[in-house]
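Source file: run.pdb (PDB, C-alpha atoms, pLDDT in the B column)
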ATOM      1  CA  GLU R   1       0.000   0.000   0.000  1.00 87.00           C
ATOM      2  CA  SER R   2       2.887   2.413   0.696  1.00 95.00           C
ATOM      3  CA  GLY R   3       5.124   1.372  -2.188  1.00 97.00           C
ATOM      4  CA  TYR R   4       7.780  -0.538  -0.183  1.00 97.00           C
ATOM      5  CA  ARG R   5       8.657   2.528   1.848  1.00 97.00           C
ATOM      6  CA  ARG R   6       7.537   3.497   5.332  1.00 97.00           C
ATOM      7  CA  PHE R   7       5.771   6.843   5.229  1.00 98.00           C
ATOM      8  CA  ASP R   8       8.377   9.620   5.400  1.00 98.00           C
ATOM      9  CA  LEU R   9       6.860  12.914   6.570  1.00 97.00           C
ATOM     10  CA  GLU R  10       9.908  15.004   5.630  1.00 97.00           C
ATOM     11  CA  ARG R  11       9.893  13.669   2.068  1.00 98.00           C
ATOM     12  CA  PHE R  12       6.142  14.155   1.765  1.00 98.00           C
ATOM     13  CA  GLU R  13       6.301  17.737   3.031  1.00 98.00           C
ATOM     14  CA  SER R  14       9.269  18.536   0.783  1.00 98.00           C
ATOM     15  CA  ALA R  15       7.346  17.279  -2.254  1.00 98.00           C
ATOM     16  CA  ILE R  16       4.398  19.506  -1.303  1.00 98.00           C
ATOM     17  CA  LEU R  17       6.685  22.513  -0.850  1.00 98.00           C
ATOM     18  CA  PHE R  18       8.416  21.795  -4.156  1.00 98.00           C
ATOM     19  CA  PHE R  19       5.203  21.955  -6.169  1.00 98.00           C
ATOM     20  CA  CYS R  20       3.889  24.974  -4.258  1.00 98.00           C
ATOM     21  CA  TYR R  21       7.258  26.727  -4.667  1.00 97.00           C
ATOM     22  CA  GLU R  22       7.754  25.963  -8.352  1.00 96.00           C
ATOM     23  CA  LEU R  23       4.233  26.286  -9.737  1.00 97.00           C
ATOM     24  CA  PRO R  24       1.657  29.093  -9.763  1.00 92.00           C
ATOM     25  CA  ASN R  25      -1.669  28.877  -7.942  1.00 91.00           C
ATOM     26  CA  VAL R  26      -1.560  25.263  -6.760  1.00 96.00           C
ATOM     27  CA  PHE R  27      -4.985  24.467  -5.360  1.00 95.00           C
ATOM     28  CA  GLU R  28      -5.745  21.452  -3.172  1.00 94.00           C
ATOM     29  CA  THR R  29      -7.243  19.280  -5.922  1.00 94.00           C
ATOM     30  CA  LYS R  30      -4.270  19.828  -8.200  1.00 96.00           C
ATOM     31  CA  LEU R  31      -1.711  19.383  -5.416  1.00 97.00           C
ATOM     32  CA  ASN R  32      -3.097  15.969  -4.492  1.00 97.00           C
ATOM     33  CA  LYS R  33      -2.767  14.783  -8.095  1.00 98.00           C
ATOM     34  CA  LEU R  34       0.779  16.133  -8.444  1.00 98.00           C
ATOM     35  CA  ILE R  35       1.901  14.219  -5.352  1.00 98.00           C
ATOM     36  CA  TRP R  36       0.167  11.054  -6.568  1.00 98.00           C
ATOM     37  CA  TYR R  37       1.776  11.200  -9.998  1.00 98.00           C
ATOM     38  CA  PHE R  38       5.169  11.864  -8.413  1.00 98.00           C
ATOM     39  CA  ASP R  39       4.954   8.821  -6.134  1.00 98.00           C
ATOM     40  CA  PHE R  40       3.529   6.523  -8.784  1.00 98.00           C
ATOM     41  CA  LEU R  41       5.995   7.577 -11.477  1.00 97.00           C
ATOM     42  CA  THR R  42       8.865   7.035  -9.027  1.00 97.00           C
ATOM     43  CA  PHE R  43       7.520   3.560  -8.229  1.00 97.00           C
ATOM     44  CA  ASN R  44       7.166   2.851 -11.946  1.00 96.00           C
ATOM     45  CA  ARG R  45      10.876   3.556 -12.431  1.00 96.00           C
ATOM     46  CA  THR R  46      12.385   2.252  -9.188  1.00 97.00           C
ATOM     47  CA  MET R  47       9.833  -0.184  -7.692  1.00 97.00           C
ATOM     48  CA  ARG R  48       9.744   2.010  -4.589  1.00 98.00           C
ATOM     49  CA  SER R  49       7.642   5.074  -3.808  1.00 98.00           C
ATOM     50  CA  ALA R  50       9.240   8.424  -3.017  1.00 98.00           C
ATOM     51  CA  THR R  51       7.252   9.328   0.106  1.00 98.00           C
ATOM     52  CA  GLY R  52       5.570   6.141   1.323  1.00 98.00           C
ATOM     53  CA  ALA R  53       2.139   7.809   1.193  1.00 98.00           C
ATOM     54  CA  VAL R  54      -1.020   5.722   0.800  1.00 98.00           C
ATOM     55  CA  TYR R  55      -3.468   6.971  -1.853  1.00 98.00           C
ATOM     56  CA  ILE R  56      -7.250   6.763  -1.744  1.00 98.00           C
ATOM     57  CA  HIS R  57      -9.836   6.871  -4.554  1.00 98.00           C
ATOM     58  CA  PHE R  58     -11.886  10.071  -4.075  1.00 97.00           C
ATOM     59  CA  PRO R  59     -14.449  11.632  -6.461  1.00 95.00           C
ATOM     60  CA  TYR R  60     -11.999  14.234  -7.837  1.00 94.00           C
ATOM     61  CA  GLY R  61      -9.200  11.686  -8.197  1.00 96.00           C
ATOM     62  CA  PRO R  62      -6.488  10.049  -6.061  1.00 98.00           C
ATOM     63  CA  VAL R  63      -5.578  11.758  -2.767  1.00 98.00           C
ATOM     64  CA  PRO R  64      -2.946  10.960  -0.113  1.00 98.00           C
ATOM     65  CA  TYR R  65      -4.548   9.523   3.010  1.00 97.00           C
ATOM     66  CA  ASN R  66      -4.858  12.230   5.703  1.00 96.00           C
ATOM     67  CA  TYR R  67      -3.450  14.835   3.311  1.00 95.00           C
ATOM     68  CA  ASP R  68      -5.407  17.608   5.026  1.00 95.00           C
ATOM     69  CA  ILE R  69      -3.675  16.948   8.336  1.00 96.00           C
ATOM     70  CA  PHE R  70      -0.235  17.204   6.718  1.00 96.00           C
ATOM     71  CA  LEU R  71      -1.160  20.419   4.908  1.00 96.00           C
ATOM     72  CA  ALA R  72      -2.510  21.897   8.129  1.00 96.00           C
ATOM     73  CA  ASN R  73       0.759  21.010   9.845  1.00 97.00           C
ATOM     74  CA  LEU R  74       2.778  22.899   7.225  1.00 97.00           C
ATOM     75  CA  ILE R  75       0.437  25.873   7.550  1.00 97.00           C
ATOM     76  CA  ASN R  76       0.718  25.876  11.348  1.00 97.00           C
ATOM     77  CA  GLU R  77       4.507  25.799  11.065  1.00 97.00           C
ATOM     78  CA  SER R  78       4.428  28.788   8.674  1.00 97.00           C
ATOM     79  CA  ALA R  79       5.994  26.753   5.887  1.00 98.00           C
ATOM     80  CA  LEU R  80       2.898  26.974   3.699  1.00 97.00           C
ATOM     81  CA  GLU R  81       0.404  29.796   3.263  1.00 97.00           C
ATOM     82  CA  PRO R  82      -3.190  29.344   2.055  1.00 96.00           C
ATOM     83  CA  ILE R  83      -4.335  32.260  -0.104  1.00 95.00           C
ATOM     84  CA  GLU R  84      -8.016  32.729  -0.843  1.00 90.00           C
ATOM     85  CA  MET R  85      -9.061  33.545  -4.382  1.00 87.00           C
ATOM     86  CA  THR R  86     -12.563  34.687  -5.315  1.00 79.00           C
ATOM     87  CA  PHE R  87     -13.955  33.474  -8.637  1.00 76.00           C
ATOM     88  CA  ASP R  88     -17.500  34.816  -8.400  1.00 72.00           C
ATOM     89  CA  ALA R  89     -18.308  37.114  -5.491  1.00 72.00           C
ATOM     90  CA  GLN R  90     -22.027  37.206  -6.238  1.00 73.00           C
ATOM     91  CA  LYS R  91     -22.340  33.416  -6.177  1.00 70.00           C
ATOM     92  CA  GLY R  92     -19.875  33.055  -3.309  1.00 71.00           C
ATOM     93  CA  ILE R  93     -17.486  30.906  -5.338  1.00 70.00           C
ATOM     94  CA  ALA R  94     -13.978  30.967  -3.890  1.00 70.00           C
ATOM     95  CA  GLY R  95     -11.038  28.677  -3.245  1.00 82.00           C
ATOM     96  CA  GLU R  96      -7.599  28.534  -1.665  1.00 90.00           C
ATOM     97  CA  TRP R  97      -4.264  28.026  -3.345  1.00 94.00           C
ATOM     98  CA  TYR R  98      -1.017  27.378  -1.520  1.00 97.00           C
ATOM     99  CA  ARG R  99       2.255  29.300  -1.528  1.00 96.00           C
ATOM    100  CA  ALA R 100       5.450  27.850  -0.090  1.00 97.00           C
ATOM    101  CA  LEU R 101       7.083  30.097   2.496  1.00 97.00           C
ATOM    102  CA  GLU R 102      10.219  28.000   2.708  1.00 96.00           C
ATOM    103  CA  GLU R 103      12.221  26.230   0.055  1.00 96.00           C
ATOM    104  CA  PRO R 104      11.876  22.439  -0.210  1.00 97.00           C
ATOM    105  CA  ASP R 105      14.668  20.176   0.964  1.00 97.00           C
ATOM    106  CA  ILE R 106      15.319  18.506  -2.384  1.00 97.00           C
ATOM    107  CA  GLY R 107      18.479  16.955  -0.934  1.00 97.00           C
ATOM    108  CA  LEU R 108      16.203  14.261   0.526  1.00 98.00           C
ATOM    109  CA  PHE R 109      15.643  12.831  -2.953  1.00 98.00           C
ATOM    110  CA  ASP R 110      18.057  10.913  -5.160  1.00 98.00           C
ATOM    111  CA  LYS R 111      18.619  11.709  -8.847  1.00 97.00           C
ATOM    112  CA  THR R 112      15.829   9.478 -10.153  1.00 97.00           C
ATOM    113  CA  GLU R 113      13.335  10.882  -7.643  1.00 98.00           C
ATOM    114  CA  LEU R 114      14.308  14.450  -8.535  1.00 97.00           C
ATOM    115  CA  ASP R 115      13.903  13.647 -12.227  1.00 97.00           C
ATOM    116  CA  CYS R 116      10.396  12.349 -11.508  1.00 97.00           C
ATOM    117  CA  LEU R 117       9.572  15.394  -9.380  1.00 97.00           C
ATOM    118  CA  ARG R 118      10.643  17.789 -12.127  1.00 97.00           C
ATOM    119  CA  PHE R 119       9.039  15.714 -14.873  1.00 97.00           C
ATOM    120  CA  VAL R 120       5.641  15.784 -13.139  1.00 97.00           C
ATOM    121  CA  SER R 121       6.038  19.523 -12.556  1.00 97.00           C
ATOM    122  CA  LYS R 122       6.811  20.088 -16.236  1.00 95.00           C
ATOM    123  CA  ILE R 123       3.997  17.895 -17.582  1.00 95.00           C
ATOM    124  CA  PHE R 124       1.219  19.120 -15.296  1.00 96.00           C
ATOM    125  CA  GLY R 125       2.465  22.544 -14.224  1.00 94.00           C
ATOM    126  CA  ARG R 126       0.193  24.528 -16.528  1.00 93.00           C
ATOM    127  CA  MET R 127      -2.832  22.270 -16.239  1.00 95.00           C
ATOM    128  CA  SER R 128      -5.874  23.413 -14.300  1.00 93.00           C
ATOM    129  CA  ALA R 129      -7.206  21.372 -11.405  1.00 92.00           C
ATOM    130  CA  LYS R 130     -10.002  20.146 -13.657  1.00 93.00           C
ATOM    131  CA  GLU R 131      -7.603  19.018 -16.388  1.00 95.00           C
ATOM    132  CA  ILE R 132      -5.259  17.093 -14.114  1.00 96.00           C
ATOM    133  CA  SER R 133      -8.229  15.572 -12.272  1.00 96.00           C
ATOM    134  CA  GLU R 134      -9.696  14.301 -15.536  1.00 96.00           C
ATOM    135  CA  ARG R 135      -6.280  12.973 -16.528  1.00 96.00           C
ATOM    136  CA  SER R 136      -5.984  10.998 -13.282  1.00 97.00           C
ATOM    137  CA  HIS R 137      -9.478   9.531 -13.848  1.00 97.00           C
ATOM    138  CA  ASN R 138      -8.126   7.830 -16.985  1.00 96.00           C
ATOM    139  CA  GLU R 139      -5.374   6.013 -15.096  1.00 97.00           C
ATOM    140  CA  GLU R 140      -5.979   2.289 -14.596  1.00 96.00           C
ATOM    141  CA  GLY R 141      -5.355   2.491 -10.865  1.00 97.00           C
ATOM    142  CA  TYR R 142      -8.228   4.928 -10.514  1.00 97.00           C
ATOM    143  CA  LYS R 143     -10.581   3.233 -12.971  1.00 97.00           C
ATOM    144  CA  ARG R 144     -10.184  -0.179 -11.309  1.00 97.00           C
ATOM    145  CA  THR R 145     -10.924   1.015  -7.764  1.00 97.00           C
ATOM    146  CA  GLY R 146     -14.020   2.399  -6.049  1.00 97.00           C
ATOM    147  CA  ASN R 147     -14.669   5.311  -3.713  1.00 97.00           C
ATOM    148  CA  ASN R 148     -12.558   5.226  -0.523  1.00 97.00           C
ATOM    149  CA  GLU R 149     -10.549   2.233  -1.732  1.00 98.00           C
ATOM    150  CA  VAL R 150      -6.752   2.180  -1.567  1.00 98.00           C
ATOM    151  CA  ILE R 151      -5.060   2.545  -4.967  1.00 98.00           C
ATOM    152  CA  SER R 152      -2.277  -0.026  -4.960  1.00 98.00           C
ATOM    153  CA  TYR R 153       1.159   0.954  -6.239  1.00 98.00           C
ATOM    154  CA  GLU R 154       0.967  -2.123  -8.467  1.00 96.00           C
ATOM    155  CA  TRP R 155      -1.096   0.032 -10.816  1.00 97.00           C
ATOM    156  CA  ALA R 156       1.928   2.308 -11.285  1.00 96.00           C
ATOM    157  CA  ARG R 157       3.082  -0.159 -13.939  1.00 95.00           C
ATOM    158  CA  LEU R 158       0.264   1.087 -16.170  1.00 95.00           C
ATOM    159  CA  ILE R 159       0.660   4.814 -15.548  1.00 94.00           C
ATOM    160  CA  LYS R 160       0.219   6.965 -18.678  1.00 88.00           C
ATOM    161  CA  LEU R 161       2.719   9.785 -18.457  1.00 77.00           C
ATOM    162  CA  LYS R 162       4.538   9.580 -21.762  1.00 56.00           C
ATOM    163  CA  LYS R 163       4.232   8.128 -25.237  1.00 38.00           C
ATOM    164  CA  GLY R 164       5.388   4.612 -25.804  1.00 34.00           C
ATOM    165  CA  VAL R 165       4.738   3.399 -22.268  1.00 37.00           C
ATOM    166  CA  THR R 166       4.928  -0.378 -22.155  1.00 33.00           C
ATOM    167  CA  HIS R 167       1.772  -1.809 -20.635  1.00 37.00           C
ATOM    168  CA  MET R 168       2.720  -4.469 -18.140  1.00 36.00           C
ATOM    169  CA  PRO R 169       0.436  -7.455 -17.405  1.00 36.00           C
ATOM    170  CA  LYS R 170      -2.631  -6.588 -15.332  1.00 42.00           C
ATOM    171  CA  PRO R 171      -1.566  -6.575 -11.667  1.00 43.00           C
ATOM    172  CA  LYS R 172      -3.386  -8.729  -9.170  1.00 46.00           C
ATOM    173  CA  VAL R 173      -4.549  -6.400  -6.430  1.00 46.00           C
ATOM    174  CA  THR R 174      -7.082  -6.527  -3.656  1.00 47.00           C
ATOM    175  CA  SER R 175      -8.868  -3.244  -3.052  1.00 46.00           C
ATOM    176  CA  LYS R 176      -9.243  -2.147   0.527  1.00 49.00           C
ATOM    177  CA  LYS R 177     -11.658   0.437   1.877  1.00 51.00           C
ATOM    178  CA  VAL R 178     -10.618   3.050   4.347  1.00 50.00           C
ATOM    179  CA  ALA R 179     -13.004   3.316   7.256  1.00 45.00           C
ATOM    180  CA  THR R 180     -12.989   7.068   7.562  1.00 44.00           C
ATOM    181  CA  LYS R 181     -12.336   9.981   5.270  1.00 44.00           C
ATOM    182  CA  PRO R 182      -9.665  12.555   6.139  1.00 43.00           C
ATOM    183  CA  SER R 183     -11.014  15.379   8.238  1.00 40.00           C
ATOM    184  CA  LYS R 184     -11.190  18.832   6.680  1.00 40.00           C
ATOM    185  CA  VAL R 185      -9.019  21.052   8.830  1.00 37.00           C
ATOM    186  CA  LEU R 186      -7.246  23.197   6.271  1.00 37.00           C
ATOM    187  CA  SER R 187      -9.345  26.203   5.469  1.00 38.00           C
ATOM    188  CA  LYS R 188      -9.398  29.140   7.817  1.00 40.00           C
ATOM    189  CA  LYS R 189     -12.785  30.039   6.296  1.00 41.00           C
ATOM    190  CA  PRO R 190     -14.866  26.980   5.372  1.00 42.00           C
ATOM    191  CA  THR R 191     -16.057  26.951   1.780  1.00 42.00           C
ATOM    192  CA  SER R 192     -19.580  25.955   0.857  1.00 42.00           C
ATOM    193  CA  LYS R 193     -20.225  22.711  -1.020  1.00 41.00           C
ATOM    194  CA  LYS R 194     -21.223  24.729  -4.050  1.00 40.00           C
ATOM    195  CA  SER R 195     -18.048  26.769  -3.904  1.00 41.00           C
ATOM    196  CA  LYS R 196     -15.808  23.716  -3.545  1.00 43.00           C
ATOM    197  CA  ALA R 197     -17.478  21.952  -6.442  1.00 41.00           C
ATOM    198  CA  ALA R 198     -16.915  24.935  -8.703  1.00 38.00           C
ATOM    199  CA  ALA R 199     -13.539  26.128  -7.491  1.00 40.00           C
ATOM    200  CA  GLY R 200     -12.016  22.721  -6.856  1.00 45.00           C
ATOM    201  CA  SER R 201     -12.376  21.551 -10.430  1.00 38.00           C
ATOM    202  CA  ASP R 202     -11.579  24.574 -12.583  1.00 33.00           C
ATOM    203  CA  PHE R 203      -8.883  26.819 -11.181  1.00 32.00           C
ATOM    204  CA  ALA R 204      -7.127  29.430 -13.248  1.00 35.00           C
ATOM    205  CA  GLN R 205      -3.363  29.886 -13.059  1.00 35.00           C
ATOM    206  CA  THR R 206      -2.102  33.423 -13.245  1.00 33.00           C
ATOM    207  CA  LYS R 207       1.039  33.756 -11.157  1.00 38.00           C
ATOM    208  CA  ALA R 208       4.430  33.370 -12.835  1.00 38.00           C
ATOM    209  CA  PRO R 209       6.270  30.201 -11.749  1.00 39.00           C
ATOM    210  CA  LYS R 210       9.324  30.251  -9.505  1.00 44.00           C
ATOM    211  CA  LYS R 211      12.391  28.119 -10.139  1.00 45.00           C
ATOM    212  CA  LEU R 212      14.903  26.375  -7.918  1.00 47.00           C
ATOM    213  CA  THR R 213      18.570  25.868  -8.596  1.00 45.00           C
ATOM    214  CA  GLN R 214      19.950  22.348  -8.397  1.00 44.00           C
ATOM    215  CA  LYS R 215      21.075  23.001  -4.826  1.00 42.00           C
ATOM    216  CA  GLY R 216      17.624  24.190  -3.875  1.00 44.00           C
ATOM    217  CA  ALA R 217      18.421  27.921  -3.692  1.00 42.00           C
ATOM    218  CA  PRO R 218      15.729  30.320  -4.936  1.00 43.00           C
ATOM    219  CA  THR R 219      16.444  32.541  -7.916  1.00 42.00           C
ATOM    220  CA  LYS R 220      13.225  34.571  -8.279  1.00 39.00           C
ATOM    221  CA  HIS R 221      11.767  34.008  -4.824  1.00 39.00           C
ATOM    222  CA  THR R 222      13.762  36.227  -2.525  1.00 36.00           C
ATOM    223  CA  LYS R 223      11.362  36.378   0.415  1.00 37.00           C
ATOM    224  CA  VAL R 224      11.686  32.965   2.014  1.00 40.00           C
ATOM    225  CA  LEU R 225      10.031  33.599   5.360  1.00 40.00           C
ATOM    226  CA  ASN R 226      10.987  30.506   7.292  1.00 44.00           C
ATOM    227  CA  SER R 227      13.313  27.537   6.919  1.00 46.00           C
ATOM    228  CA  LYS R 228      12.873  24.010   8.197  1.00 51.00           C
ATOM    229  CA  LYS R 229      16.180  24.330   9.990  1.00 48.00           C
ATOM    230  CA  LYS R 230      14.944  27.359  11.951  1.00 49.00           C
ATOM    231  CA  ARG R 231      11.740  25.535  12.839  1.00 53.00           C
ATOM    232  CA  LYS R 232      13.709  22.590  14.182  1.00 50.00           C
ATOM    233  CA  GLN R 233      15.989  24.861  16.220  1.00 51.00           C
ATOM    234  CA  THR R 234      12.965  26.609  17.680  1.00 47.00           C
ATOM    235  CA  LYS R 235      11.411  23.289  18.694  1.00 47.00           C
ATOM    236  CA  GLN R 236      14.661  22.259  20.403  1.00 50.00           C
TER
END
Translate the structure of the given file into structure tokens.
Amino acid sequence: ESGYRRFDLERFESAILFFCYELPNVFETKLNKLIWYFDFLTFNRTMRSATGAVYIHFPYGPVPYNYDIFLANLINESALEPIEMTFDAQKGIAGEWYRALEEPDIGLFDKTELDCLRFVSKIFGRMSAKEISERSHNEEGYKRTGNNEVISYEWARLIKLKKGVTHMPKPKVTSKKVATKPSKVLSKKPTSKKSKAAAGSDFAQTKAPKKLTQKGAPTKHTKVLNSKKKRKQTKQ
């Protein structure tokens, strides 16, 4: 279920920060798909996931189990900032996108994992939440599972991320249901069901992307508010 790796919180958080640092206007729906593609592409190439996260079949596509708790943790530690965007004030349609306030620790990943991270960012970076959600719905791992079922990493063999992908034999997997859904603890201001349905599936992207150097130093993002090292020192 976790891709032959015990869940690694630091790796998971660094992947989140990477996408929110590199890409413009990353909303929750899109972020969940980016992380899923990153882990499954890494497993496809190395037979081991990058973060050890477990992914669940949800209506808008695959999501990491308890993702909202991990996002809330980054927000509470001032590593991630939720920014509300209004799409239609009269109808009350709004959503939140996430901005990284500290640079990701890409040193946690090896060369293959970094290649996968950057490849996913390049392929899906300019897609809307709706587009990447629809793309994930066409993946075999999603099509062959039901709501709240675990999406096995065995389906990573059939992932469709580039032309000429060799389709491996159909994996033998047993779907498992998760008893409870992750709790929604992210938003400072809860969004109505109508707002989430509209904003969560069709987000615009307007902000220019930021880039990292190979060592992880920012080039166009000069205001890094907090670092993981400072947070650790404070805790000590």
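The interatomic distance for the pair CA of Arg11 (chain R) and CA of Asp105 (chain R) works out to 8.1 Å.
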Nearest candidate to Ile69 (chain R) (options R:Glu154, R:Glu13, R:Glu140, R:Glu134; using all atoms listed in the file)
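Ranked by minimum distance to Ile69 (chain R), first place goes to R:Glu13.
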Just so the selection is clear, what residues does the PyMOL selection byres ((chain R and resi 93-96) around 6) cover here, as a list in words?
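That selection, the PyMOL selection byres ((chain R and resi 93-96) around 6), comes back as Pro82, Ile83, Glu84, Met85, Thr86, Phe87, Asp88, Lys91, Gly92, Trp97, Ser195 and Ala199 of chain R.
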I'd like the neighbourhood of Ala15 (chain R) as a VMD selection string, where a residue qualifies if any of its atoms comes within 12 Å (using all atoms listed in the file), though same-chain residues fewer than 3 positions away should be ignored.
chain R and resid 8 to 12 18 to 22 31 to 39 50 to 53 70 to 71 74 100 103 to 109 113 to 114 116 to 118 120 to 121
How far is it from CA of Tyr142 (chain R) to CA of Thr42 (chain R), in Å with one decimal?
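Between CA of Tyr142 (chain R) and CA of Thr42 (chain R) the gap is 17.3 Å.
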Atom pair CA of Asn73 (chain R) / CA of Tyr98 (chain R): separation (Å)
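It comes out at 13.1 Å.
With all atoms listed in the file as the atoms that count, the minimum distance from Val150 (chain R) to the choices R:Ala72, R:Lys111, R:Phe58, R:Ile16 is reached by R:Phe58.
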Expanded to explicit residues, what is the PyMOL selection byres ((chain R and resi 55) around 12) for this file, as number ranges by chain?
R: 1-3, 7, 32-33, 35-40, 49, 51-54, 56-58, 61-67, 141-142, 145, 147-153, 155-156, 175-178, 181-182
Which of these, R:Arg99, R:Arg135, R:Lys130, R:Arg157, has the shortest distance to Arg48 (chain R) once you count only C-alpha atoms?
R:Arg157
Counting all atoms listed in the file, which of R:Met127, R:Phe119, R:Ser78, R:Asp110 gets nearest to Leu41 (chain R)?
R:Phe119
